[in-house]
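To start, the structure itself, in structure tokens.
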Amino acid sequence: MLNVYQIPLEEIEKIEWHDDPAAYDYEIYKLGGERDEFIAVNPYLAMLSNFINEIPEVGQSRCIVWKNQDRWVAKYFTKPWVDGKRYKEVELNLTLELIHELISKNETSIIPNFANNPLLKSYIVWERNPDIDNYISLKDDPTNITLEDLNDLNYEMVWYLDPKFNPTDGKIWAVKAHLKDYPNKGTKEMGYLSPKMRMKFNPEIPRLDYHLDYSIPYYDLNYEFVWYLDPKFNPTDDKIWAVKLKLINGIPKPTKEMGFASPTIIYNPELPKLEYIIEENIPYYDLKYTHIWLVDENITGTFDDVWAAKIIPHESEGVTFVGNIKINLPKVLDVVFISYNEPNAETNWQRVLEKAPHARRINGIKGIAEAHRCAAELATTDMFYVVDGDAWLVDDWKFDYQPYIFDRDCVFVWHSINPINNLEYGYGGVKLLPRELTLNINKDKPDITTSISNKIKVVKKVSNITAFNTDAFNTWKSAFRECAKLSSKTINRRLLVETEKRLDAWNTIINNVPYSSDALAGAIAGTAYGKENLDNPEALELINDFEWLHNLYSNKNKVK
């Protein structure tokens, strides 16, 4: 900085701005006191003032103002200024040396906008990948963009080719840039660039959206690519082009056929993800109307019209209801048997095979939630039955229930009979689960079944006997887990009165059957544990850890 008195920055910061430049400068001038000359520096651009090396001839101006991009950097006042208040402006340009210093000191916030500063842009060294021919123009040219963070200038900035035009498994760089003569800190990925392409639609076909899943190698972009109309919408014997795509560069191109283009079909997002089949052949000239497919009311369980799919032109001239859509619903739903060291699991598994020869088995998976997730992976149908390892199916049970379409995201639970206390409810019953939701099961909830979906339906029909009283530990464990869930109120959507009745039954009504005393002991211990940990979800999660339960049981009964 020049060897002239400089007003302390903190004094300038105290001056308030009231949208009056003359009044603001006069307040600064007064800070100079009786001095013949002095300099005031903008506190927010103080570093730029370090590059002021000389004072031009003042003449009649009596105040020199150094500016950068319409912002004042410093003001040199002489004592006579107050009489005429005249100025002389000097543009303080950025130099490469200054840019280097600002970046190295992390002062990039005072560098003017990258895109609007030709001087700054001139200091950027650009490189284009020589393997990408120059006839391929790129959209969103990086040389014209605004950097959101000027700290990016610390790095070599790299833009990659849009993967849609990259035939390799790795990334292909398209453009690189770095600050001239500046040691960068490494590479920074700046995103993807696409070639400039023009898409043309056949004017003889009503304007539609098409599903074009294309990937074109960048070295093939010297063609004009043509998609023909899907034959389902073409009533003629000749091929009719629907879409053309080519580079914007004015160079004539040979044609390359890309196959067929189908109008985009919009499916009702409120319906589950199933296989919907459209077989109707619609002439393209009729696609000026919106075409709608409905769902058969025998599948919806409602008498209301429910749309399943639509083809909507850009300018619709009306609506045509095509009819009911075909849905590929599985005739037989998958069945998965989940077992984990239950003494009677093999017997119960054979019973399941009698009812469902196509059933599959998950055995020995640690964690109830994980076992259910593995069962969902094993299933192939959109919903699947789950049978627990201690479940003995009753004679009249059949795996033949098919939910309506709006219930395909619902959890169904059938009743089971408890051999210890005669309770009959969903505990241990057969379940029907939505596959997609079960794949994403919440493992942090103590009760897995009621945490899979926001929708649950209890079917008051007995599916099985929950024969958990096979040995002392398994009996105690089952009673402990259920009563911990009941007493902690963790089971979603369960009525309080109903819960209290069941909890009371577990703790008081005991049949004279094997291991009934172990069931009572487990119920008492689980009830106490649930009440003690009402607000401790981490503790309640442990009831699904069978190893933890075995250690707890062993310690209580001093079993080695």
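Following the order of the structure tokens, first chain is A, next is B, and so on, with residues numbered from 1 inside each chain and ligands from 1 in the order they appear.
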Can you pull out the residues contacting range 383-398 of chain A? Cut-off 9 Å, using only C-alpha atoms, and skip same-chain residues under 3 positions away; I want them as JSON, numbers by chain.
{"A": [333, 334, 335, 336, 337, 338, 339, 340, 341, 342, 343, 344, 345, 346, 347, 348, 349, 351, 352, 355, 356, 363, 372, 375, 376, 379, 380, 401, 408, 409, 416, 428, 429, 430, 431, 432, 433, 434, 435, 436, 462, 463, 464, 465, 466, 467, 468, 469, 470]}
Quick one: DSSP strand (DSSP E) residues in range 319-505 of chain A, as an MDAnalysis selection string?
chainID A and resid 319:324 326:327 334:339 360:363 383:388 391:393 411:417 424:425 431:434 456:466
Given the choices A:Val322, A:Ala369, A:Val513, A:Leu496, which gets closest to Glu280 in chain A if the distance is worked out from only C-alpha atoms?
A:Val322
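Closest to Gly426 in chain A among A:Tyr284, A:Phe412, A:Tyr44, A:Phe77 is A:Phe412, based on only C-alpha atoms.
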Give me the residues near range 186-196 of chain A as a PyMOL selection string, where near means some atom within 10 Å (using only C-alpha atoms) and where sequence neighbours in that chain fewer than 4 positions away do not count.
chain A and resi 135-142+147+152-165+171-178+218+221+246-249
For a test of reading the model, state the distance in Å between CA of Tyr228 in chain A and CA of Phe201 in chain A, rounded to one decimal.
10.6 Å
Show which residues sit within 8 Å of range 520-537 of chain A, as a PyMOL selection string. Count only C-alpha atoms, and ignore same-chain residues fewer than 2 positions away.
chain A and resi 444-445+475-489+503+506-508+510+516-518+539-541
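With distances restricted to only C-alpha atoms, A:Glu91 is the closest residue to Asp70 in chain A from A:Glu91, A:Met47, A:His550, A:Lys256.
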Just to confirm, what's the straight-line distance from CA of Lys232 in chain A to CA of Ser215 in chain A in Å (one decimal)?
23.7 Å
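Pairwise distance (CA of Asn68 in chain A, CA of His18 in chain A) equals 21.8 Å.
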Do you have, as a Markdown table, the list of residues of range 179-241 of chain A lying at most 7 Å from range 310-321 of chain A, each with its nearest atom pair and that distance in Å to one decimal, counting only C-alpha atoms and ordered by chain then number?
| residue | atom | partner | partner_atom | distance |
| --- | --- | --- | --- | --- |
| A:Pro206 | CA | A:Pro313 | CA | 6.7 |
| A:Arg207 | CA | A:His314 | CA | 5.7 |
| A:Leu208 | CA | A:Pro313 | CA | 4.9 |
Residues from last step as file, C-alpha atoms, as a compact mmCIF listing (two decimals), in the first residue's frame:
# COMPACT_ATOMS: atom_id res chain seq x y z
CA PRO A 206 -49.91 -36.49 -33.09
CA ARG A 207 -47.26 -35.00 -30.82
CA LEU A 208 -46.45 -37.60 -28.17
What parts of range 5-228 of chain A does DSSP call alpha helix (DSSP H)? I'd like the answer as a ChimeraX atom specification.
/A:9-13,21-30,46-49,81-84,96-104,118-122
Got time to write the residues from that selection, C-alpha atoms, as an mmCIF file, in the first residue's frame?
data_model
loop_
_atom_site.group_PDB
_atom_site.id
_atom_site.type_symbol
_atom_site.label_atom_id
_atom_site.label_comp_id
_atom_site.auth_asym_id
_atom_site.auth_seq_id
_atom_site.Cartn_x
_atom_site.Cartn_y
_atom_site.Cartn_z
ATOM 1 C CA LEU A 9 -10.635 -0.142 8.997
ATOM 2 C CA GLU A 10 -12.602 -0.400 12.230
ATOM 3 C CA GLU A 11 -13.392 3.332 12.018
ATOM 4 C CA ILE A 12 -14.777 2.968 8.501
ATOM 5 C CA GLU A 13 -16.864 -0.043 9.573
ATOM 6 C CA PRO A 21 -23.107 8.346 -1.322
ATOM 7 C CA ALA A 22 -22.175 11.982 -0.743
ATOM 8 C CA ALA A 23 -23.128 11.854 2.936
ATOM 9 C CA TYR A 24 -21.281 8.541 3.349
ATOM 10 C CA ASP A 25 -18.089 9.943 1.790
ATOM 11 C CA TYR A 26 -18.329 13.077 3.921
ATOM 12 C CA GLU A 27 -18.360 10.916 7.078
ATOM 13 C CA ILE A 28 -15.213 9.180 5.795
ATOM 14 C CA TYR A 29 -13.626 12.549 4.950
ATOM 15 C CA LYS A 30 -14.161 13.765 8.501
ATOM 16 C CA ALA A 46 -9.009 -4.653 1.886
ATOM 17 C CA MET A 47 -6.790 -7.205 0.173
ATOM 18 C CA LEU A 48 -7.350 -5.617 -3.222
ATOM 19 C CA SER A 49 -5.993 -2.339 -1.919
ATOM 20 C CA TRP A 81 -12.199 17.825 -1.725
ATOM 21 C CA VAL A 82 -14.894 19.120 0.619
ATOM 22 C CA ASP A 83 -15.288 22.308 -1.435
ATOM 23 C CA GLY A 84 -16.234 20.667 -4.755
ATOM 24 C CA LEU A 96 -2.862 -13.150 -12.291
ATOM 25 C CA GLU A 97 -0.616 -12.431 -9.303
ATOM 26 C CA LEU A 98 -3.583 -11.025 -7.391
ATOM 27 C CA ILE A 99 -5.822 -13.959 -8.266
ATOM 28 C CA HIS A 100 -3.152 -16.396 -7.063
ATOM 29 C CA GLU A 101 -2.838 -14.544 -3.768
ATOM 30 C CA LEU A 102 -6.577 -14.285 -3.195
ATOM 31 C CA ILE A 103 -7.086 -17.993 -3.832
ATOM 32 C CA SER A 104 -4.116 -19.055 -1.700
ATOM 33 C CA PRO A 118 -13.239 -11.547 -19.155
ATOM 34 C CA LEU A 119 -9.915 -10.822 -17.492
ATOM 35 C CA LEU A 120 -10.339 -13.612 -14.978
ATOM 36 C CA LYS A 121 -11.542 -15.995 -17.683
ATOM 37 C CA SER A 122 -8.477 -15.223 -19.732
#
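Compared by their closest atoms to Asp382 in chain A, and using only C-alpha atoms, the residues A:Leu439, A:Leu274, A:Ile405, A:Ile420 rank with A:Leu274 nearest.
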Just want the 9 Å neighbourhood of Gln60 in chain A, counted on only C-alpha atoms, with same-chain residues fewer than 2 positions away dropped. Output as a count of residues only.
8
